[in-house]
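Note sheet for the following structure.
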Amino acid sequence: MSITVALDRDRARRPLKLRLLTRLAICAARLLVLLKPHLLTRVLTRLSRNAAAADSAQANAARDSVLAAGLSLNGLRSCLPRSVSIALLCRLQGVWPTWCVGVRAAPPFAAHAWVEVDGELIGERGRSDSLARLITVAPAKGRTPGRS
């Protein structure tokens, strides 16, 4: 059994520069998600260098902009390109959230990709501990040894 679910869409008008940056981030993300996981992680790690840590408001604004610009990114199965787009848009604005890929820790087990700031999920339902992280790309200042 499957159901189709769409995320809420914000229809607020955004400045032209932000709309162009958002489109650029979405186009780049669509290409990057075609890479193998270790290559995608390596590219995102390099992109995160010299970026300040994003705060919750910046990450939420980037998410809202990505969801408004890309209708196809509003679905449940588009979590990887959506999360990469959000991270890239944040980077274009000089900040970086923590980009994560993992699985739900409780049934039904499923792969998922998301963005978080200081352990707070950005635009996701549930709690941070309901997801098991397999790959993370944190801001350089917040990165801990042994994690990518």
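Just remember, in the structure tokens the first chain shown is A, the second B, etc., residues are 1-based per chain, and ligands are 1-based in the order shown.
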
Q | Contacts of Arg82 of chain A within 12 Å, only C-alpha atoms, excl. fewer than 6 positions in-chain, as a VMD selection string | A | chain A and resid 7 22 to 23 25 to 30 32 to 33 62 to 76 88 to 89 99 to 101 112 to 115 122 to 124

Q: List the neighbours of Ala54 of chain A out to 7 Å using only C-alpha atoms; skip same-chain residues closer than 4 positions along the sequence, and give me the result as a count of residues only.
A: 6

Q. Could you pull out all residues of chain A with a DSSP call of helix (DSSP H, G or I) and give them as a ChimeraX atom specification?
A. /A:16-32,37-48,56-69,71-74,76-92,128-130,140-142

Q | Nearest to Leu35 of chain A, chosen from A:Ala51, A:Asn60, A:Leu16, A:Pro81, with only C-alpha atoms counted in the distances | A |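 Of all the options, A:Pro81 lies closest to Leu35 of chain A.
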
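Minimum distance to Ala53 of chain A across A:Arg14, A:Arg125, A:Arg91, A:Arg133 (counting only C-alpha atoms) occurs at A:Arg91.
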
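Between atom CA of Thr98 of chain A and atom CA of Val137 of chain A lies a distance of 5.6 Å.
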